Amino acid sequence: MEHFPHTYVLLSVCIVSACFFPFSLCLSSFSPSSCKLQKDFHLNEMHRPGDVVLGGLFEVHYTSILPERMFTSEPQQPRCSGFDILGFRHAMTMAFAIDEINKNDNLLPNVTLGYSIYDNCGTLLMGLSGAISLSSGQEKQFVLVEDCSGIPPVIGIVGDHYSTFSIAISNVLGLYKMPIISYFATCSCLSDRQRFPTFFRTIPSDAFQVRAMIQILKHFDWTWVGLLVSDDDYGLHVAQSFQLDLRQSGGGCLAYLEVLPWDSDRNELQRIVNLMKTSTARVVIVFAHEIHMIELMEEVVKQNVTGLQWIASEALASATVLQTSRLMPYLSGTLGIAIRRGEIPRLREFLLKIHPGQGSTYTNNMVRQFWEYTFQCRFEPTPAGWMEIGGAVCSGLEDMGNVDTEFLDLSSLRPEYNVYKAVYAFAYALHSMLQCKPGRGPFSGNSCATLQTLAPWQLVHYLEKVNFTTSFGDEVSFDNNGDVLPIYDVMNWLWLPDGRIKVQNVGEVKRSAFDEEVLILEEEKIFWNFESKKPPRSVCSESCPPGTRMARKKGRPACCFTCILCSGGKISNETNSMDCISCPEDFWSSPQRDHCVPKKTEFLSYYEPLGICLTTTSLLGTFISAVVLGIFTFHRSTPMVRANNSELSFLLLVSLKLCFLCSLLFIGQPRLWTCQLRHAVFGISFVLCVSCILVKTMVVLAVFRASKSGGRAISKWFGAMHQRGIVLVLTSIQAAICTAWLVSSSPSPHKNTEYHKDKIVYECAVGSTLGFAVLLGYIGLLAILSCLLAFWARNLPDNFNEAKLITFSMLIFCAVWVAFVPAYINSPGKYADAVEVFAILASSFGLLVALFGPKCYLILMRPERNTKKAIIGRVAAKS
């Protein structure tokens with residue numbers, strides 16, 4: 001983490017490089033066998049000698065004041081202020097790790113590690129100055145070995161605290177292959193191996209932290225979040241990475257992205273907090289430094305912005321400065337990504353032994369300042385520039401065990417654990433280097449590095465291959481980018497009823513063996529600062545339920561959408577579907593549009609009211625035809641039956657029964673055999689019926705002609721055999737038409753979905769429209785011919801004449817079927833079958849009633865007129 005903008009980084013590098021670059025340089029004005037330090041820095045420092053020395057950069061003070069005359073011939077020294085007790089503990093952890101390694105007979109035997117630790121005072125200029133001092137040394141003048149060559153003052157540096165500092169330092173020291181292991185710099189830009197070839201770190205990069213946060217967002221279905229970042233490398237790189245990863249993962253959208261100002265601009269802070277207050281996003285993610293968060297929370301408290309779920313980056317997840325009773329009403333329930341917590345045995349005992357020493361002179365500035373800060377006293381004499389407090393004079397006899405200080409609270413060792421791992425990484429790399437056997441080394445000519453000839457770049461080679469396990473059980477190794485195996489703890493801020501504040505571990509996120517982020521949460525332990533005691537909802541638009549699809553709102557992020565019901569025949573069976581999928585052909589969407597259901601089938605059924613009526617009418621017509629046939633059979637010897645060609649009458653009644661019965665083939669679900677039979681039986685039955693009527697009409701005309709002189713020759717052509725033959729021939733033609741139709745293009749069942757998209761209309765496809773037209777046309781031709789002949793014979797004597805009845809019946813028949821054609825064409829689905837059945841029944845009833853109604857009336861109701869005498873007498877009277 002860091003809090004310095006790019007411009008300041010570049011300016012500081014330029015200043016230090018141009019004005020204060022203290023590398024030992026060979027100068028022509030001095031003896032060729034010596035080097036002189038170009039510039040001297042007065043830094044807050046702490047040293048321990050050793051065979052090999054490690055450098056350290058820590059924030060022991062968090063602010064500094066740069067004097068006005070810093071770049072003059074007699075410059076003033078900068079003044080550091082604001083003692084950072086945790087930063088000092090980080091530095092002491094490095095000292096402890098080196099002390100522990102020196103006591104370990106199995107690691108670096110016969111080699112003593114030393115350290116040179118500098119305070120960066122929370123300022124890039126001071127941090128870069130300390131790094132250059134570590135790499136060049138601060139001796140005023142020393143004798144050269146060979147053209148300024150020799151063992152460097154330190155073989156590597158642990159630090160710096162901030163990413164921005166690490167970027168600047170690595171840019172400079174990377175030119176000289178100096179290895180640097182940072183314990184806290186997280187900027188993903190530092191993973192660029194081309195730019196930072198010697199940079200390593202024991203903290204995961206922001207790239208992994210961003211992905212870890214996205215996993216949390218996904219876990220709680222938070223798709224609409226705000227992002228606040230600091231105006232520096234840390235924040236700006238996070239903003240870029242977060243937007244890219246969030247978009248690629250499809251995990252949500254940013255409601256807003258705001259950069260927190262460095263200059264404490266109240267107007268800008270008011271604008272940002274007002275935006276947070278009015279936004280529908282209930283989750284706010286913060287990647288910033290403590291100072292940013294403090295300033296922001298002042299405005300949050302002022303505007304009383306509650307109901308937000310805060311997610312803190314690792315820079316804030318354990319920030320005690322924010323854990324106050326004034327801020328906890330707003331920040332309790334915060335989730336944070338924290339550096340992996342570790343345990344360092346015997347560290348407390350080491351810290352308790354820290355002491356400024358005995359006597360009146362105290363040369364270890366850092367320990368002296370820590371002592372002054374802890375016991376609120378001061379040492380005498382005080383070196384200029386470091387004294388910050390007044391109070392009593394320190395005796396050096398103060399007891400650390402009697403002080404309640406955060407310095408000794410080792411319950412949550414996080415940055416310290418990373419410092420510990422960084423020191424051990426150097427130690428293991430150095431140990432591996434010293435195990436090299438001459439002639440088997442990794443360098444040119446299979447050579448090995450030695451303590452006397454060690455170059456920093458040689459140690460980089462061994463750092464890249466470091467792999468060890470800490471006493472806490474964590475594996476430490478670096479990938480190709482110098483990044484450690486990533487793992488974070490997930491923290492939750494809990495405000496207890498008694499007013500105490502607890503930061504509890506509720507899970508972890510780490511990289512799996514498949515290079516994926518794995519989130520493990522103990523949700524039952526998480527405290528939510530909401531009335532519901534449940535995770536909040538933070539979405540721009542509520543999820544679209546199954547049965548709907550998402551439609552983006554123009555000009556808004558992808559998470560802002562409307563839900564549109566799927567159209568008929570399409571479904572979505574998932575939440576937040578982008579598209580609706582079509583149902584299979586025989587299926588339709590349910591009313592909720594969330595699954596497909598079989599389409600309703602429609603056909604003229606026996607069980608529906610229309611089918612019942614038509615079936616009943618058909619059976620009634622068949623029954624009446626059978627009754628009439630029975631009457632005619634019973635009275636077959638009477639003149640009325642015999643006088644009107646009883647054989648054709650019987651045949652006509654049978655054909656009418658077939659006409660009534662064939663209508664039943666049009667009712668019920670179409671099947672192949674019913675489709676093939678219905679029109680064939682219909683066509684043949686009606687041709688048989690109309691043929692009988694035609695022959696009866698022809699017989700009437702022949703009989704009347706035969707009653708006149710010269711008419712007997714005609715009547716011989718209309719004997720019984722001829723009548724049967726004519727009917728058979730006419731019917732056979734229709735049978736031939738039906739046969740040809742069935743053979744060439746047989747009617748078949750058809751599932752029609754054109755009438756209704758949500759229904760399957762079962763119908764019989766005629767197969768050949770021409771065949772159907774010829775079948776109807778032939779019936780129509782015979783009907784018209786019968787009608788014309790009957791009309792011609794309508795004025796013949798009543799006694800011989802059925803022409804009027806035939807004319808009337810055929811007019812009904814033709815009228816029905818003329819009306820049938822347009823009605824049939826315009827009727828969809830089952831109604832086409834109903835129209836055809838109605839036409840069959842209507843025409844059949846018309847023939848039955850018109851032809852046999854009057855005769856049955858005379859036979860049954862007027863039997864006195866059913867005599868030969870009555871019929872002959874009437875004819876004679878007319879003659």
# chains A, B, ... in the order shown; residues from 1 in each chain; ligands from 1
$ select_by_dssp --residues "segment 423-614 of chain A" --states "helix (DSSP H, G or I)" --output "VMD selection string"
chain A and resid 423 to 434 444 to 446 456 to 463 523 to 525 609 to 614
$ closest_atom_pairs --of "segment 707-795 of chain A" --to "segment 558-572 of chain A" --cutoff "12 Å" --atoms "only C-alpha atoms" --output "tab-separated table"
residue	atom	partner	partner_atom	distance
A:Thr753	CA	A:Gly569	CA	11.6
A:His756	CA	A:Gly568	CA	10.9
A:Lys757	CA	A:Gly569	CA	7.5
A:Asp758	CA	A:Gly569	CA	7.1
A:Lys759	CA	A:Gly569	CA	10.4
$ write_last_selection --atoms "N, CA and C atoms" --output "PDB file, in the first residue's frame"
ATOM      1  N   THR A 753     -49.700 -26.134 -36.839  1.00  0.00           N
ATOM      2  CA  THR A 753     -49.428 -25.112 -35.816  1.00  0.00           C
ATOM      3  C   THR A 753     -49.560 -23.700 -36.371  1.00  0.00           C
ATOM      4  N   HIS A 756     -52.835 -21.770 -34.477  1.00  0.00           N
ATOM      5  CA  HIS A 756     -52.562 -21.355 -33.107  1.00  0.00           C
ATOM      6  C   HIS A 756     -51.147 -21.799 -32.752  1.00  0.00           C
ATOM      7  N   LYS A 757     -50.302 -20.844 -32.330  1.00  0.00           N
ATOM      8  CA  LYS A 757     -48.928 -21.179 -31.985  1.00  0.00           C
ATOM      9  C   LYS A 757     -48.834 -22.058 -30.744  1.00  0.00           C
ATOM     10  N   ASP A 758     -49.813 -21.914 -29.865  1.00  0.00           N
ATOM     11  CA  ASP A 758     -49.763 -22.670 -28.617  1.00  0.00           C
ATOM     12  C   ASP A 758     -50.574 -23.950 -28.662  1.00  0.00           C
ATOM     13  N   LYS A 759     -51.104 -24.284 -29.819  1.00  0.00           N
ATOM     14  CA  LYS A 759     -51.906 -25.506 -29.947  1.00  0.00           C
ATOM     15  C   LYS A 759     -51.452 -26.301 -31.151  1.00  0.00           C
TER      16      LYS A 759
END
$ atom_distance --atom1 "atom CA of Met213 of chain A" --atom2 "atom CA of Gln240 of chain A"
14.4 Å
$ select_by_dssp --residues "segment 497-701 of chain A" --states "strand (DSSP E)" --output "number ranges by chain"
A: 501-511, 517-521, 548-552, 561-565, 570-571, 581-582, 587-589, 596-598, 600-602
$ closest_residue --among "A:Met328, A:Val259, A:Ile784, A:Leu701" --to "His292 of chain A" --atoms "only C-alpha atoms"
A:Val259
$ closest_residue --among "A:Cys689, A:Leu485, A:Val53, A:Ile726" --to "Ser512 of chain A" --atoms "only C-alpha atoms"
A:Leu485
$ atom_distance --atom1 "atom CA of Ala429 of chain A" --atom2 "atom CA of Cys187 of chain A"
24.4 Å
$ closest_residue --among "A:Ala803, A:Ala95, A:Val654, A:Ala850" --to "Glu416 of chain A" --atoms "only C-alpha atoms"
A:Ala95
$ residues_around --residues "Val761 of chain A" --least-positions-apart "6" --cutoff "6 Å" --atoms "only C-alpha atoms" --output "list in words"
Thr601, Glu602, Lys751, Asn752 and Gly829 of chain A
$ residues_around --residues "Cys121 of chain A" --least-positions-apart "5" --cutoff "10 Å" --atoms "only C-alpha atoms" --output "VMD selection string"
chain A and resid 43 to 44 57 to 65 78 to 84 87 126 to 127
$ write_last_selection --atoms "all heavy atoms" --output "short mmCIF file (atom, residue, chain, number, x, y, z; two decimals), in the first residue's frame"
data_model
loop_
_atom_site.label_atom_id
_atom_site.label_comp_id
_atom_site.auth_asym_id
_atom_site.auth_seq_id
_atom_site.Cartn_x
_atom_site.Cartn_y
_atom_site.Cartn_z
N LEU A 43 20.28 10.10 8.51
CA LEU A 43 19.06 9.29 8.54
C LEU A 43 18.88 8.66 9.92
O LEU A 43 19.85 8.39 10.64
CB LEU A 43 19.13 8.19 7.47
CG LEU A 43 19.28 8.67 6.03
CD1 LEU A 43 19.57 7.50 5.12
CD2 LEU A 43 18.02 9.40 5.57
N ASN A 44 17.62 8.37 10.23
CA ASN A 44 17.29 7.64 11.44
C ASN A 44 17.60 6.18 11.18
O ASN A 44 17.04 5.58 10.26
CB ASN A 44 15.82 7.85 11.77
CG ASN A 44 15.51 7.53 13.21
OD1 ASN A 44 16.40 7.50 14.06
ND2 ASN A 44 14.24 7.29 13.50
N LEU A 57 14.08 -1.17 5.30
CA LEU A 57 13.43 0.13 5.20
C LEU A 57 12.05 0.02 5.83
O LEU A 57 11.21 -0.76 5.36
CB LEU A 57 13.32 0.57 3.74
CG LEU A 57 14.63 0.94 3.04
CD1 LEU A 57 14.40 1.15 1.56
CD2 LEU A 57 15.24 2.19 3.66
N PHE A 58 11.81 0.81 6.89
CA PHE A 58 10.55 0.72 7.62
C PHE A 58 10.05 2.13 7.95
O PHE A 58 10.84 3.09 8.04
CB PHE A 58 10.72 -0.08 8.90
CG PHE A 58 11.16 -1.50 8.67
CD1 PHE A 58 12.51 -1.84 8.67
CD2 PHE A 58 10.21 -2.49 8.42
CE1 PHE A 58 12.90 -3.15 8.45
CE2 PHE A 58 10.61 -3.80 8.20
CZ PHE A 58 11.95 -4.13 8.21
N GLU A 59 8.77 2.23 8.16
CA GLU A 59 8.16 3.51 8.51
C GLU A 59 8.09 3.61 10.04
O GLU A 59 7.07 3.32 10.65
CB GLU A 59 6.76 3.62 7.91
CG GLU A 59 6.12 4.99 8.11
CD GLU A 59 4.66 5.02 7.66
OE1 GLU A 59 3.84 4.35 8.32
OE2 GLU A 59 4.37 5.70 6.67
N VAL A 60 9.18 4.08 10.62
CA VAL A 60 9.21 4.25 12.07
C VAL A 60 8.55 5.56 12.47
O VAL A 60 7.98 5.68 13.55
CB VAL A 60 10.66 4.18 12.59
CG1 VAL A 60 10.72 4.35 14.10
CG2 VAL A 60 11.30 2.85 12.19
N HIS A 61 8.62 6.55 11.59
CA HIS A 61 7.86 7.78 11.72
C HIS A 61 6.98 7.92 10.48
O HIS A 61 7.38 7.53 9.38
CB HIS A 61 8.77 9.00 11.85
CG HIS A 61 9.51 9.04 13.15
ND1 HIS A 61 10.66 8.30 13.36
CD2 HIS A 61 9.28 9.72 14.31
CE1 HIS A 61 11.10 8.52 14.59
NE2 HIS A 61 10.29 9.39 15.19
N TYR A 62 5.78 8.48 10.64
CA TYR A 62 4.88 8.51 9.50
C TYR A 62 4.78 9.87 8.82
O TYR A 62 4.05 10.01 7.84
CB TYR A 62 3.48 8.01 9.87
CG TYR A 62 2.84 8.66 11.06
CD1 TYR A 62 2.23 9.90 10.98
CD2 TYR A 62 2.83 8.00 12.29
CE1 TYR A 62 1.64 10.48 12.09
CE2 TYR A 62 2.23 8.56 13.41
CZ TYR A 62 1.64 9.80 13.30
OH TYR A 62 1.04 10.37 14.40
N THR A 63 5.48 10.87 9.31
CA THR A 63 5.54 12.16 8.61
C THR A 63 6.94 12.72 8.74
O THR A 63 7.72 12.32 9.62
CB THR A 63 4.54 13.19 9.19
OG1 THR A 63 4.83 13.39 10.58
CG2 THR A 63 3.12 12.74 9.01
N SER A 64 7.26 13.67 7.86
CA SER A 64 8.55 14.34 7.92
C SER A 64 8.39 15.75 7.38
O SER A 64 7.50 16.03 6.58
CB SER A 64 9.61 13.58 7.12
OG SER A 64 9.25 13.56 5.75
N ILE A 65 9.26 16.64 7.85
CA ILE A 65 9.26 18.02 7.41
C ILE A 65 10.57 18.27 6.68
O ILE A 65 11.66 18.14 7.25
CB ILE A 65 9.12 18.98 8.61
CG1 ILE A 65 7.82 18.68 9.37
CG2 ILE A 65 9.16 20.43 8.15
CD1 ILE A 65 7.68 19.49 10.65
N PRO A 78 16.32 16.98 7.25
CA PRO A 78 14.87 16.82 7.44
C PRO A 78 14.55 16.36 8.84
O PRO A 78 15.38 15.75 9.53
CB PRO A 78 14.51 15.74 6.41
CG PRO A 78 15.78 14.99 6.18
CD PRO A 78 16.89 16.00 6.33
N ARG A 79 13.34 16.66 9.26
CA ARG A 79 12.91 16.31 10.61
C ARG A 79 11.74 15.33 10.53
O ARG A 79 10.73 15.62 9.88
CB ARG A 79 12.49 17.56 11.37
CG ARG A 79 12.01 17.30 12.79
CD ARG A 79 11.68 18.61 13.49
NE ARG A 79 11.23 18.40 14.85
CZ ARG A 79 9.96 18.16 15.19
NH1 ARG A 79 9.04 18.12 14.26
NH2 ARG A 79 9.63 17.97 16.46
N CYS A 80 11.86 14.17 11.19
CA CYS A 80 10.79 13.16 11.20
C CYS A 80 9.93 13.36 12.43
O CYS A 80 10.43 13.72 13.51
CB CYS A 80 11.37 11.74 11.21
SG CYS A 80 12.28 11.34 9.72
N SER A 81 8.63 13.09 12.27
CA SER A 81 7.70 13.23 13.40
C SER A 81 6.62 12.17 13.30
O SER A 81 6.47 11.51 12.27
CB SER A 81 7.06 14.63 13.39
OG SER A 81 6.31 14.82 12.19
N GLY A 82 5.87 12.03 14.38
CA GLY A 82 4.79 11.06 14.41
C GLY A 82 5.31 9.65 14.52
O GLY A 82 5.37 8.92 13.52
N PHE A 83 5.69 9.24 15.72
CA PHE A 83 6.28 7.91 15.90
C PHE A 83 5.23 6.83 15.61
O PHE A 83 4.15 6.83 16.18
CB PHE A 83 6.82 7.75 17.32
CG PHE A 83 7.65 6.52 17.50
CD1 PHE A 83 8.98 6.49 17.09
CD2 PHE A 83 7.11 5.38 18.07
CE1 PHE A 83 9.75 5.35 17.26
CE2 PHE A 83 7.87 4.22 18.23
CZ PHE A 83 9.20 4.21 17.82
N ASP A 84 5.60 5.90 14.73
CA ASP A 84 4.72 4.79 14.34
C ASP A 84 5.18 3.55 15.08
O ASP A 84 6.14 2.89 14.68
CB ASP A 84 4.79 4.58 12.83
CG ASP A 84 3.75 3.59 12.33
OD1 ASP A 84 3.21 2.81 13.15
OD2 ASP A 84 3.47 3.57 11.12
N GLY A 87 5.23 0.42 12.99
CA GLY A 87 6.36 0.42 12.07
C GLY A 87 7.64 0.03 12.76
O GLY A 87 8.49 -0.69 12.20
N MET A 126 12.96 10.40 1.74
CA MET A 126 13.74 9.78 2.80
C MET A 126 13.93 8.28 2.53
O MET A 126 15.01 7.73 2.77
CB MET A 126 13.05 9.98 4.14
CG MET A 126 12.86 11.44 4.53
SD MET A 126 14.42 12.25 4.92
CE MET A 126 14.80 11.47 6.48
N GLY A 127 12.88 7.63 2.03
CA GLY A 127 12.99 6.21 1.76
C GLY A 127 13.99 5.91 0.66
O GLY A 127 14.79 4.98 0.75
#
$ residues_around --residues "Trp493 of chain A" --least-positions-apart "2" --cutoff "12 Å" --atoms "only C-alpha atoms" --output "PyMOL selection string"
chain A and resi 309-312+316-320+322-324+327-338+490-491+495-496+500-506+525-529
$ atom_distance --atom1 "atom CA of His750 of chain A" --atom2 "atom CA of Pro670 of chain A"
8.2 Å
$ closest_residue --among "A:Arg724, A:Lys465, A:Arg193, A:Arg340" --to "Met433 of chain A" --atoms "only C-alpha atoms"
A:Lys465
